[in-house]
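S.K.: Structure file query37.cif, mmCIF, C-alpha atoms, pLDDT in the B column; chains and numbers go by the auth columns, is pasted below:
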data_target
loop_
_atom_site.group_PDB
_atom_site.id
_atom_site.type_symbol
_atom_site.label_atom_id
_atom_site.label_comp_id
_atom_site.label_asym_id
_atom_site.label_seq_id
_atom_site.Cartn_x
_atom_site.Cartn_y
_atom_site.Cartn_z
_atom_site.B_iso_or_equiv
_atom_site.auth_seq_id
_atom_site.auth_asym_id
ATOM 1 C CA MET A 1 0.000 0.000 0.000 44.00 1 A
ATOM 2 C CA VAL A 2 1.303 3.443 -0.926 52.00 2 A
ATOM 3 C CA ILE A 3 0.872 6.103 1.750 54.00 3 A
ATOM 4 C CA ILE A 4 1.053 9.765 0.841 57.00 4 A
ATOM 5 C CA HIS A 5 1.462 12.588 3.341 60.00 5 A
ATOM 6 C CA TYR A 6 0.417 15.864 1.765 60.00 6 A
ATOM 7 C CA PHE A 7 1.765 19.201 2.928 64.00 7 A
ATOM 8 C CA ARG A 8 -0.313 21.715 0.987 63.00 8 A
ATOM 9 C CA ASN A 9 0.398 25.377 0.603 57.00 9 A
ATOM 10 C CA THR A 10 -1.239 28.019 -1.562 49.00 10 A
ATOM 11 C CA ALA A 11 1.056 27.439 -4.531 46.00 11 A
ATOM 12 C CA THR A 12 0.423 24.721 -7.074 47.00 12 A
ATOM 13 C CA ILE A 13 3.932 23.356 -7.510 57.00 13 A
ATOM 14 C CA LEU A 14 4.118 19.705 -6.538 69.00 14 A
ATOM 15 C CA HIS A 15 7.290 18.384 -4.939 71.00 15 A
ATOM 16 C CA PHE A 16 7.385 14.567 -4.623 75.00 16 A
ATOM 17 C CA VAL A 17 9.709 13.156 -1.958 82.00 17 A
ATOM 18 C CA TYR A 18 10.601 9.475 -1.702 86.00 18 A
ATOM 19 C CA ALA A 19 11.941 8.262 1.638 84.00 19 A
ATOM 20 C CA GLY A 20 15.447 6.825 1.947 89.00 20 A
ATOM 21 C CA GLY A 21 16.557 3.812 3.952 93.00 21 A
ATOM 22 C CA GLY A 22 17.983 1.352 1.457 96.00 22 A
ATOM 23 C CA PHE A 23 14.484 0.091 0.525 96.00 23 A
ATOM 24 C CA VAL A 24 14.407 -1.739 3.884 96.00 24 A
ATOM 25 C CA VAL A 25 14.232 0.834 6.699 92.00 25 A
ATOM 26 C CA GLY A 26 13.084 4.438 7.103 84.00 26 A
ATOM 27 C CA ASP A 27 9.711 6.143 7.041 83.00 27 A
ATOM 28 C CA LEU A 28 8.064 9.475 6.366 84.00 28 A
ATOM 29 C CA SER A 29 8.853 10.928 9.791 84.00 29 A
ATOM 30 C CA VAL A 30 12.557 11.301 8.975 84.00 30 A
ATOM 31 C CA ASP A 31 12.089 14.146 6.500 87.00 31 A
ATOM 32 C CA GLU A 32 8.834 15.596 7.823 86.00 32 A
ATOM 33 C CA PRO A 33 10.280 18.591 9.749 87.00 33 A
ATOM 34 C CA ASP A 34 12.390 19.784 6.808 88.00 34 A
ATOM 35 C CA LEU A 35 9.542 19.257 4.351 88.00 35 A
ATOM 36 C CA LYS A 36 7.115 21.303 6.424 85.00 36 A
ATOM 37 C CA ILE A 37 9.620 24.153 6.581 87.00 37 A
ATOM 38 C CA LEU A 38 10.297 23.957 2.836 87.00 38 A
ATOM 39 C CA CYS A 39 6.581 23.844 2.074 84.00 39 A
ATOM 40 C CA THR A 40 6.036 27.048 4.035 83.00 40 A
ATOM 41 C CA SER A 41 9.171 28.974 3.084 85.00 41 A
ATOM 42 C CA GLU A 42 8.871 28.332 -0.650 83.00 42 A
ATOM 43 C CA ASN A 43 5.075 28.273 -0.843 80.00 43 A
ATOM 44 C CA ILE A 44 4.980 24.889 -2.561 82.00 44 A
ATOM 45 C CA SER A 45 2.985 21.724 -1.998 82.00 45 A
ATOM 46 C CA ILE A 46 4.824 18.548 -1.106 85.00 46 A
ATOM 47 C CA LEU A 47 3.774 14.913 -1.395 86.00 47 A
ATOM 48 C CA SER A 48 5.794 12.557 0.791 87.00 48 A
ATOM 49 C CA VAL A 49 5.471 9.000 -0.529 88.00 49 A
ATOM 50 C CA ASP A 50 5.848 5.932 1.691 86.00 50 A
ATOM 51 C CA TYR A 51 6.369 2.782 -0.398 91.00 51 A
ATOM 52 C CA ARG A 52 6.364 -0.862 0.699 93.00 52 A
ATOM 53 C CA LEU A 53 9.656 -2.090 2.134 95.00 53 A
ATOM 54 C CA ALA A 54 11.814 -5.186 1.809 97.00 54 A
ATOM 55 C CA PRO A 55 12.271 -7.945 2.822 97.00 55 A
ATOM 56 C CA GLU A 56 8.499 -8.410 2.900 97.00 56 A
ATOM 57 C CA HIS A 57 8.174 -6.665 -0.445 97.00 57 A
ATOM 58 C CA VAL A 58 11.072 -7.195 -2.841 98.00 58 A
ATOM 59 C CA PHE A 59 12.195 -5.372 -5.985 98.00 59 A
ATOM 60 C CA PRO A 60 10.608 -3.885 -8.052 98.00 60 A
ATOM 61 C CA THR A 61 7.801 -3.163 -5.568 97.00 61 A
ATOM 62 C CA GLN A 62 9.493 0.021 -4.353 96.00 62 A
ATOM 63 C CA ILE A 63 9.785 1.644 -7.776 97.00 63 A
ATOM 64 C CA ASP A 64 6.358 0.436 -8.850 96.00 64 A
ATOM 65 C CA ASP A 65 4.773 1.985 -5.745 94.00 65 A
ATOM 66 C CA SER A 66 6.681 5.221 -6.280 94.00 66 A
ATOM 67 C CA PHE A 67 5.645 5.498 -9.906 95.00 67 A
ATOM 68 C CA ALA A 68 2.048 4.595 -9.045 93.00 68 A
ATOM 69 C CA ALA A 69 1.951 7.573 -6.676 90.00 69 A
ATOM 70 C CA LEU A 70 3.030 9.889 -9.490 91.00 70 A
ATOM 71 C CA LYS A 71 0.462 8.477 -11.909 90.00 71 A
ATOM 72 C CA TRP A 72 -2.292 8.711 -9.300 87.00 72 A
ATOM 73 C CA VAL A 73 -1.646 12.413 -8.793 82.00 73 A
ATOM 74 C CA CYS A 74 -1.424 13.016 -12.538 81.00 74 A
ATOM 75 C CA ALA A 75 -4.951 11.725 -13.054 78.00 75 A
ATOM 76 C CA VAL A 76 -7.164 14.755 -13.694 65.00 76 A
ATOM 77 C CA GLN A 77 -9.616 14.025 -10.911 63.00 77 A
ATOM 78 C CA ASN A 78 -6.863 13.553 -8.360 73.00 78 A
ATOM 79 C CA SER A 79 -4.841 16.640 -9.267 69.00 79 A
ATOM 80 C CA SER A 80 -8.076 18.598 -8.945 67.00 80 A
ATOM 81 C CA LEU A 81 -8.710 17.003 -5.565 71.00 81 A
ATOM 82 C CA LEU A 82 -5.271 18.198 -4.479 71.00 82 A
ATOM 83 C CA ARG A 83 -5.880 21.655 -5.977 67.00 83 A
ATOM 84 C CA ALA A 84 -2.724 21.239 -8.012 68.00 84 A
ATOM 85 C CA ASP A 85 -1.897 22.659 -11.423 73.00 85 A
ATOM 86 C CA LEU A 86 0.688 20.219 -12.719 80.00 86 A
ATOM 87 C CA ASN A 87 1.603 22.603 -15.535 80.00 87 A
ATOM 88 C CA LYS A 88 3.362 24.804 -12.998 81.00 88 A
ATOM 89 C CA GLY A 89 5.951 22.193 -12.105 86.00 89 A
ATOM 90 C CA VAL A 90 6.466 18.732 -10.642 91.00 90 A
ATOM 91 C CA ILE A 91 9.734 17.852 -8.917 93.00 91 A
ATOM 92 C CA VAL A 92 10.678 14.315 -7.854 95.00 92 A
ATOM 93 C CA ALA A 93 13.170 14.116 -5.012 94.00 93 A
ATOM 94 C CA GLY A 94 14.709 11.828 -2.443 94.00 94 A
ATOM 95 C CA ALA A 95 17.843 10.946 -0.503 95.00 95 A
ATOM 96 C CA SER A 96 19.980 7.813 -0.911 96.00 96 A
ATOM 97 C CA ALA A 97 17.600 5.003 -1.942 96.00 97 A
ATOM 98 C CA GLY A 98 14.918 7.698 -2.215 94.00 98 A
ATOM 99 C CA ALA A 99 17.123 9.497 -4.733 96.00 99 A
ATOM 100 C CA ASN A 100 17.398 6.246 -6.657 97.00 100 A
ATOM 101 C CA LEU A 101 13.607 6.090 -6.799 96.00 101 A
ATOM 102 C CA ALA A 102 13.353 9.729 -7.869 96.00 102 A
ATOM 103 C CA ALA A 103 15.875 9.188 -10.682 98.00 103 A
ATOM 104 C CA VAL A 104 14.139 6.049 -11.924 98.00 104 A
ATOM 105 C CA VAL A 105 10.678 7.640 -11.649 97.00 105 A
ATOM 106 C CA ALA A 106 11.969 10.482 -13.842 97.00 106 A
ATOM 107 C CA LEU A 107 13.162 7.929 -16.391 98.00 107 A
ATOM 108 C CA ARG A 108 9.883 5.999 -16.365 97.00 108 A
ATOM 109 C CA ALA A 109 7.849 9.190 -16.580 96.00 109 A
ATOM 110 C CA ARG A 110 9.825 10.301 -19.638 97.00 110 A
ATOM 111 C CA ASP A 111 8.921 7.046 -21.419 96.00 111 A
ATOM 112 C CA ASP A 112 5.262 6.822 -20.347 96.00 112 A
ATOM 113 C CA PRO A 113 2.921 8.716 -22.709 92.00 113 A
ATOM 114 C CA ALA A 114 0.445 9.316 -19.899 88.00 114 A
ATOM 115 C CA VAL A 115 2.917 11.351 -17.832 90.00 115 A
ATOM 116 C CA SER A 116 5.804 12.055 -20.207 89.00 116 A
ATOM 117 C CA GLN A 117 5.540 15.840 -19.840 86.00 117 A
ATOM 118 C CA THR A 118 4.802 15.863 -16.122 90.00 118 A
ATOM 119 C CA VAL A 119 8.121 15.758 -14.273 94.00 119 A
ATOM 120 C CA THR A 120 9.954 19.055 -14.705 94.00 120 A
ATOM 121 C CA GLY A 121 12.806 18.543 -12.239 96.00 121 A
ATOM 122 C CA GLN A 122 14.616 16.096 -9.988 97.00 122 A
ATOM 123 C CA ILE A 123 16.476 16.640 -6.724 96.00 123 A
ATOM 124 C CA LEU A 124 18.820 13.749 -6.032 97.00 124 A
ATOM 125 C CA GLN A 125 20.475 13.771 -2.617 97.00 125 A
ATOM 126 C CA ILE A 126 23.396 11.386 -1.926 97.00 126 A
ATOM 127 C CA PRO A 127 22.004 9.162 -4.716 98.00 127 A
ATOM 128 C CA TRP A 128 22.460 5.396 -4.967 98.00 128 A
ATOM 129 C CA ILE A 129 22.829 4.815 -8.691 98.00 129 A
ATOM 130 C CA ALA A 130 24.293 1.294 -9.006 98.00 130 A
ATOM 131 C CA ASP A 131 25.469 -1.713 -7.002 98.00 131 A
ATOM 132 C CA SER A 132 29.230 -2.186 -6.824 98.00 132 A
ATOM 133 C CA ARG A 133 28.898 -5.851 -7.790 98.00 133 A
ATOM 134 C CA ALA A 134 27.473 -4.895 -11.162 98.00 134 A
ATOM 135 C CA TYR A 135 29.109 -1.648 -12.211 98.00 135 A
ATOM 136 C CA PRO A 136 29.222 -1.413 -16.019 98.00 136 A
ATOM 137 C CA ASP A 137 32.804 -1.987 -17.141 98.00 137 A
ATOM 138 C CA LYS A 138 33.066 1.425 -18.772 98.00 138 A
ATOM 139 C CA TYR A 139 32.291 3.184 -15.478 98.00 139 A
ATOM 140 C CA LYS A 140 34.313 1.114 -13.010 98.00 140 A
ATOM 141 C CA ASP A 141 37.197 3.574 -12.928 98.00 141 A
ATOM 142 C CA ASP A 142 34.737 6.370 -12.157 98.00 142 A
ATOM 143 C CA LEU A 143 33.179 4.562 -9.198 98.00 143 A
ATOM 144 C CA ARG A 144 36.056 4.142 -6.757 98.00 144 A
ATOM 145 C CA SER A 145 34.498 5.685 -3.651 98.00 145 A
ATOM 146 C CA MET A 146 32.544 2.537 -2.788 98.00 146 A
ATOM 147 C CA PHE A 147 35.905 0.804 -2.313 98.00 147 A
ATOM 148 C CA ASP A 148 38.084 3.699 -1.152 98.00 148 A
ATOM 149 C CA LEU A 149 35.490 4.846 1.430 98.00 149 A
ATOM 150 C CA SER A 150 33.988 1.445 2.172 98.00 150 A
ATOM 151 C CA ASP A 151 34.024 1.752 5.981 97.00 151 A
ATOM 152 C CA ARG A 152 33.021 5.353 6.575 94.00 152 A
ATOM 153 C CA PRO A 153 30.499 6.356 9.297 92.00 153 A
ATOM 154 C CA MET A 154 26.756 6.191 8.558 94.00 154 A
ATOM 155 C CA LEU A 155 27.104 3.807 5.593 97.00 155 A
ATOM 156 C CA THR A 156 29.470 0.988 4.682 98.00 156 A
ATOM 157 C CA LYS A 157 29.853 -1.066 1.546 98.00 157 A
ATOM 158 C CA TYR A 158 28.937 -4.218 3.484 98.00 158 A
ATOM 159 C CA TYR A 159 25.735 -2.697 4.895 97.00 159 A
ATOM 160 C CA LEU A 160 24.639 -1.401 1.507 97.00 160 A
ATOM 161 C CA GLU A 161 25.153 -4.845 -0.025 98.00 161 A
ATOM 162 C CA GLN A 162 23.050 -6.390 2.741 98.00 162 A
ATOM 163 C CA LEU A 163 20.218 -3.953 1.995 98.00 163 A
ATOM 164 C CA ALA A 164 20.469 -4.719 -1.722 98.00 164 A
ATOM 165 C CA ASP A 165 20.316 -8.458 -1.076 98.00 165 A
ATOM 166 C CA LEU A 166 17.328 -8.153 1.258 98.00 166 A
ATOM 167 C CA THR A 167 15.519 -6.214 -1.469 98.00 167 A
ATOM 168 C CA LYS A 168 16.576 -8.777 -4.104 98.00 168 A
ATOM 169 C CA LEU A 169 17.595 -6.006 -6.457 98.00 169 A
ATOM 170 C CA ASP A 170 18.182 -6.754 -10.114 98.00 170 A
ATOM 171 C CA PHE A 171 21.448 -4.860 -10.400 98.00 171 A
ATOM 172 C CA LYS A 172 21.345 -4.585 -14.194 98.00 172 A
ATOM 173 C CA SER A 173 17.731 -3.508 -14.486 98.00 173 A
ATOM 174 C CA PRO A 174 17.053 0.131 -15.411 98.00 174 A
ATOM 175 C CA LYS A 175 14.271 -0.093 -12.805 97.00 175 A
ATOM 176 C CA PHE A 176 17.126 0.027 -10.281 98.00 176 A
ATOM 177 C CA SER A 177 20.172 1.492 -11.992 98.00 177 A
ATOM 178 C CA PRO A 178 19.937 4.433 -14.400 98.00 178 A
ATOM 179 C CA LEU A 179 23.369 3.354 -15.673 98.00 179 A
ATOM 180 C CA TYR A 180 21.563 0.560 -17.522 98.00 180 A
ATOM 181 C CA ALA A 181 18.982 2.820 -19.149 98.00 181 A
ATOM 182 C CA ASP A 182 19.101 2.946 -22.943 97.00 182 A
ATOM 183 C CA SER A 183 19.466 6.714 -22.840 98.00 183 A
ATOM 184 C CA LEU A 184 19.441 9.603 -20.389 98.00 184 A
ATOM 185 C CA GLU A 185 18.374 12.128 -23.001 98.00 185 A
ATOM 186 C CA GLY A 186 15.209 14.108 -22.481 98.00 186 A
ATOM 187 C CA LEU A 187 15.263 13.969 -18.693 98.00 187 A
ATOM 188 C CA PRO A 188 14.278 17.009 -16.613 97.00 188 A
ATOM 189 C CA LYS A 189 16.701 19.372 -14.892 97.00 189 A
ATOM 190 C CA ALA A 190 18.591 17.773 -12.022 98.00 190 A
ATOM 191 C CA PHE A 191 19.974 19.188 -8.793 98.00 191 A
ATOM 192 C CA ILE A 192 22.339 16.713 -7.110 98.00 192 A
ATOM 193 C CA GLN A 193 23.777 16.879 -3.594 98.00 193 A
ATOM 194 C CA ILE A 194 26.876 14.777 -2.848 98.00 194 A
ATOM 195 C CA ALA A 195 28.605 13.994 0.464 98.00 195 A
ATOM 196 C CA GLY A 196 32.367 14.146 0.083 98.00 196 A
ATOM 197 C CA SER A 197 33.254 11.230 2.398 98.00 197 A
ATOM 198 C CA ASP A 198 30.430 8.917 1.343 98.00 198 A
ATOM 199 C CA PRO A 199 30.826 5.498 -0.323 98.00 199 A
ATOM 200 C CA LEU A 200 28.141 6.764 -2.723 98.00 200 A
ATOM 201 C CA ARG A 201 30.071 9.947 -3.531 98.00 201 A
ATOM 202 C CA ASP A 202 31.074 8.819 -7.011 98.00 202 A
ATOM 203 C CA ASP A 203 27.521 7.696 -7.834 98.00 203 A
ATOM 204 C CA GLY A 204 26.424 11.316 -7.630 98.00 204 A
ATOM 205 C CA ILE A 205 29.456 12.695 -9.433 98.00 205 A
ATOM 206 C CA LEU A 206 29.184 10.189 -12.289 98.00 206 A
ATOM 207 C CA TYR A 207 25.440 10.579 -12.712 98.00 207 A
ATOM 208 C CA ALA A 208 25.750 14.369 -12.858 98.00 208 A
ATOM 209 C CA ARG A 209 28.358 13.998 -15.598 98.00 209 A
ATOM 210 C CA LEU A 210 26.331 11.489 -17.595 98.00 210 A
ATOM 211 C CA LEU A 211 23.222 13.649 -17.418 98.00 211 A
ATOM 212 C CA LYS A 212 25.180 16.642 -18.704 98.00 212 A
ATOM 213 C CA GLU A 213 26.622 14.558 -21.538 98.00 213 A
ATOM 214 C CA ALA A 214 23.046 13.597 -22.440 98.00 214 A
ATOM 215 C CA GLY A 215 22.077 17.265 -22.705 98.00 215 A
ATOM 216 C CA VAL A 216 20.309 17.523 -19.348 98.00 216 A
ATOM 217 C CA GLU A 217 20.671 20.718 -17.312 98.00 217 A
ATOM 218 C CA VAL A 218 22.459 19.871 -14.072 98.00 218 A
ATOM 219 C CA GLN A 219 23.635 21.645 -10.958 98.00 219 A
ATOM 220 C CA SER A 220 25.499 19.794 -8.233 98.00 220 A
ATOM 221 C CA ASP A 221 26.962 20.585 -4.817 98.00 221 A
ATOM 222 C CA ILE A 222 29.614 18.578 -2.955 98.00 222 A
ATOM 223 C CA TYR A 223 30.003 18.855 0.827 98.00 223 A
ATOM 224 C CA PRO A 224 33.698 18.108 1.548 97.00 224 A
ATOM 225 C CA GLY A 225 34.527 15.635 4.304 97.00 225 A
ATOM 226 C CA THR A 226 30.924 14.775 5.127 98.00 226 A
ATOM 227 C CA PRO A 227 29.653 11.189 5.499 97.00 227 A
ATOM 228 C CA HIS A 228 26.471 9.700 4.082 97.00 228 A
ATOM 229 C CA GLY A 229 23.379 11.126 5.786 94.00 229 A
ATOM 230 C CA PHE A 230 25.348 13.741 7.697 96.00 230 A
ATOM 231 C CA ARG A 231 22.425 16.150 7.774 92.00 231 A
ATOM 232 C CA TYR A 232 20.462 13.673 9.905 89.00 232 A
ATOM 233 C CA ALA A 233 23.333 12.953 12.320 90.00 233 A
ATOM 234 C CA GLY A 234 24.301 16.609 12.776 92.00 234 A
ATOM 235 C CA PRO A 235 21.391 18.821 11.736 91.00 235 A
ATOM 236 C CA GLU A 236 22.885 21.913 13.390 93.00 236 A
ATOM 237 C CA THR A 237 26.310 21.672 11.763 96.00 237 A
ATOM 238 C CA ALA A 238 27.373 24.271 9.232 97.00 238 A
ATOM 239 C CA ALA A 239 27.357 21.657 6.475 97.00 239 A
ATOM 240 C CA ALA A 240 23.801 20.549 7.280 96.00 240 A
ATOM 241 C CA LYS A 241 22.567 24.136 7.358 96.00 241 A
ATOM 242 C CA LYS A 242 24.198 24.790 3.993 97.00 242 A
ATOM 243 C CA TRP A 243 22.590 21.593 2.667 96.00 243 A
ATOM 244 C CA ARG A 244 19.112 22.865 3.558 95.00 244 A
ATOM 245 C CA GLN A 245 19.863 26.275 2.056 96.00 245 A
ATOM 246 C CA ASP A 246 21.037 24.581 -1.116 97.00 246 A
ATOM 247 C CA VAL A 247 17.806 22.584 -1.355 95.00 247 A
ATOM 248 C CA VAL A 248 15.930 25.872 -1.526 94.00 248 A
ATOM 249 C CA LYS A 249 18.379 27.082 -4.156 95.00 249 A
ATOM 250 C CA GLY A 250 17.835 23.880 -6.144 95.00 250 A
ATOM 251 C CA VAL A 251 14.048 24.159 -6.031 92.00 251 A
ATOM 252 C CA LYS A 252 14.179 27.766 -7.224 92.00 252 A
ATOM 253 C CA TRP A 253 16.611 26.912 -10.029 95.00 253 A
ATOM 254 C CA ILE A 254 14.452 24.053 -11.277 93.00 254 A
ATOM 255 C CA LEU A 255 11.388 26.264 -11.322 86.00 255 A
ATOM 256 C CA GLU A 256 13.039 29.088 -13.219 85.00 256 A
ATOM 257 C CA SER A 257 11.507 29.605 -16.645 55.00 257 A
ATOM 258 C CA THR A 258 14.896 30.035 -18.278 37.00 258 A
ATOM 259 C CA SER A 259 18.356 28.797 -17.350 41.00 259 A
ATOM 260 C CA GLY A 260 21.604 27.784 -18.902 41.00 260 A
ATOM 261 C CA ASN A 261 23.676 24.629 -18.558 41.00 261 A
ATOM 262 C CA ASP A 262 25.118 25.288 -15.127 42.00 262 A
ATOM 263 C CA ALA A 263 27.995 23.425 -13.563 38.00 263 A
#
Let me see whether you can do it: turn the structure in this file into structure tokens.
M.R.:
Amino acid sequence: MVIIHYFRNTATILHFVYAGGGFVVGDLSVDEPDLKILCTSENISILSVDYRLAPEHVFPTQIDDSFAALKWVCAVQNSSLLRADLNKGVIVAGASAGANLAAVVALRARDDPAVSQTVTGQILQIPWIADSRAYPDKYKDDLRSMFDLSDRPMLTKYYLEQLADLTKLDFKSPKFSPLYADSLEGLPKAFIQIAGSDPLRDDGILYARLLKEAGVEVQSDIYPGTPHGFRYAGPETAAAKKWRQDVVKGVKWILESTSGNDA
């Protein structure tokens, strides 16, 4: 069952947020305080989507639930119920495994005629883009952080592999890894946040580069020396405060009517 928490403001921008937690743990309460603040400060409406978790529900349940939430809102009667004008912008977002879901939802939306013009932006925070046991050969040299930073605080290579195995991920399916998508062309603008001392650091760096090479507008920020999920562990640190400020910056950039190809 998909659960949606709706933080509605007077604006009609919809901001979808998918919870992190490696597809196994985590719930909507983790991001709720920040989302309420963002909803109010930026005058946007936010849908927080809670999908079914592994090991009870294995892959691809998580992405199917996440995409079903988008399609439900895009139905005319439901967008009217939510008082939302989807023409004014729809952003998909998430952190870690939630960023994986946001990236894959953007890909699926692009290829689905019913919602192909709906998603106008994506915010990918500390994204999980591929499993280290199935990196495409051509990208292996670009994805060293999973090995070089394998035992950092907050997330280890071993723990991430355990989460992947509990979810029974298909590592080479584009429903999990955008690296196995036929093309990244035609995707919406992306704002990517990357922790500098995170095993998933290179996932974010590589995906930002590949999106740019595919002609997608991308902005990215790297937070030097920070571990995975640092904003949860130290919400009052300077890095965490900058992170939240940058989210606002990313939302505003995505919603701009005109922009260039920013670095």
S.K.: From the set A:Gly89, A:Gly229, A:Gly98, A:Pro153, which residue has the shortest atom-to-atom contact distance to Phe23 of chain A, counting all atoms listed in the file?
M.R.: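 Of A:Gly89, A:Gly229, A:Gly98, A:Pro153, the one nearest Phe23 of chain A, counting all atoms listed in the file, is A:Gly98.
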S.K.: Taking 3 positions as the minimum chain separation for residues in the same chain, which residues sit within 12 Å of Gln117 of chain A when counting all atoms listed in the file? Answer as a tab-separated table (two decimals) with C-alpha atoms, keeping the file's coordinate frame.
M.R.:
chain	number	residue	atom	x	y	z
A	71	LYS	CA	0.46	8.48	-11.91
A	74	CYS	CA	-1.42	13.02	-12.54
A	86	LEU	CA	0.69	20.22	-12.72
A	87	ASN	CA	1.60	22.60	-15.54
A	88	LYS	CA	3.36	24.80	-13.00
A	89	GLY	CA	5.95	22.19	-12.10
A	90	VAL	CA	6.47	18.73	-10.64
A	91	ILE	CA	9.73	17.85	-8.92
A	106	ALA	CA	11.97	10.48	-13.84
A	107	LEU	CA	13.16	7.93	-16.39
A	108	ARG	CA	9.88	6.00	-16.36
A	109	ALA	CA	7.85	9.19	-16.58
A	110	ARG	CA	9.82	10.30	-19.64
A	111	ASP	CA	8.92	7.05	-21.42
A	112	ASP	CA	5.26	6.82	-20.35
A	113	PRO	CA	2.92	8.72	-22.71
A	114	ALA	CA	0.44	9.32	-19.90
A	120	THR	CA	9.95	19.06	-14.70
A	121	GLY	CA	12.81	18.54	-12.24
A	186	GLY	CA	15.21	14.11	-22.48
A	187	LEU	CA	15.26	13.97	-18.69
A	188	PRO	CA	14.28	17.01	-16.61
S.K.: At what distance in Å, to one decimal, does atom CA of Glu236 of chain A lie from atom CA of Gly196 of chain A?
M.R.: 18.1 Å
S.K.: Here's the selection I'm unsure about, the PyMOL selection byres ((chain A and resi 223) around 12); applied to the file above, which residues does it give, as a PyMOL selection string?
M.R.: chain A and resi 125-126+192-198+201+204-205+220-222+224-231+237-244+246
S.K.: Do you know which residues the PyMOL selection byres ((chain A and resi 174) around 12) returns on this file, as a compact mmCIF listing (two decimals) with C-alpha atoms, in the frame of the given file?
M.R.:
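Output file part-v2.txt is given in full below:
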# COMPACT_ATOMS: atom_id res chain seq x y z
CA PHE A 59 12.20 -5.37 -5.98
CA PRO A 60 10.61 -3.88 -8.05
CA ILE A 63 9.78 1.64 -7.78
CA ASN A 100 17.40 6.25 -6.66
CA LEU A 101 13.61 6.09 -6.80
CA ALA A 103 15.88 9.19 -10.68
CA VAL A 104 14.14 6.05 -11.92
CA VAL A 105 10.68 7.64 -11.65
CA ALA A 106 11.97 10.48 -13.84
CA LEU A 107 13.16 7.93 -16.39
CA ARG A 108 9.88 6.00 -16.36
CA ILE A 129 22.83 4.82 -8.69
CA ALA A 130 24.29 1.29 -9.01
CA LEU A 169 17.60 -6.01 -6.46
CA ASP A 170 18.18 -6.75 -10.11
CA PHE A 171 21.45 -4.86 -10.40
CA LYS A 172 21.34 -4.58 -14.19
CA SER A 173 17.73 -3.51 -14.49
CA LYS A 175 14.27 -0.09 -12.80
CA PHE A 176 17.13 0.03 -10.28
CA SER A 177 20.17 1.49 -11.99
CA PRO A 178 19.94 4.43 -14.40
CA LEU A 179 23.37 3.35 -15.67
CA TYR A 180 21.56 0.56 -17.52
CA ALA A 181 18.98 2.82 -19.15
CA ASP A 182 19.10 2.95 -22.94
CA SER A 183 19.47 6.71 -22.84
CA LEU A 184 19.44 9.60 -20.39
S.K.: Report, in Å with one decimal, the straight-line distance from atom CA of Asp165 of chain A to atom CA of Pro136 of chain A.
M.R.: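 We find that atom CA of Asp165 of chain A and atom CA of Pro136 of chain A lie 18.8 Å from each other.
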S.K.: Atom CA of Leu206 of chain A and atom CA of Val24 of chain A are how many Å apart?
M.R.: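 Result for atom CA of Leu206 of chain A versus atom CA of Val24 of chain A: 24.9 Å, one decimal.
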S.K.: How big is the axis-aligned box, and where does its centre sit, when it encloses all atoms of segment 65-75 of chain A listed in the file and has 6 Å added on every side, reported in Å to one decimal as JSON?
M.R.:
{"center_x": 0.9, "center_y": 7.5, "center_z": -9.4, "size_x": 23.6, "size_y": 23.0, "size_z": 19.3}
S.K.: Name the closest residue to Asp151 of chain A among the candidates A:Ala208, A:Val248, A:Leu200, A:Val218; distances are taken between atoms, counting all atoms listed in the file.
M.R.: A:Leu200
S.K.: Of the residues A:Gly94, A:Gly250, A:Gly22, A:Gly215, which is the one nearest to Pro55 of chain A, using all atoms listed in the file?
M.R.: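 Between A:Gly94, A:Gly250, A:Gly22, A:Gly215, the residue approaching Pro55 of chain A most closely is A:Gly22.
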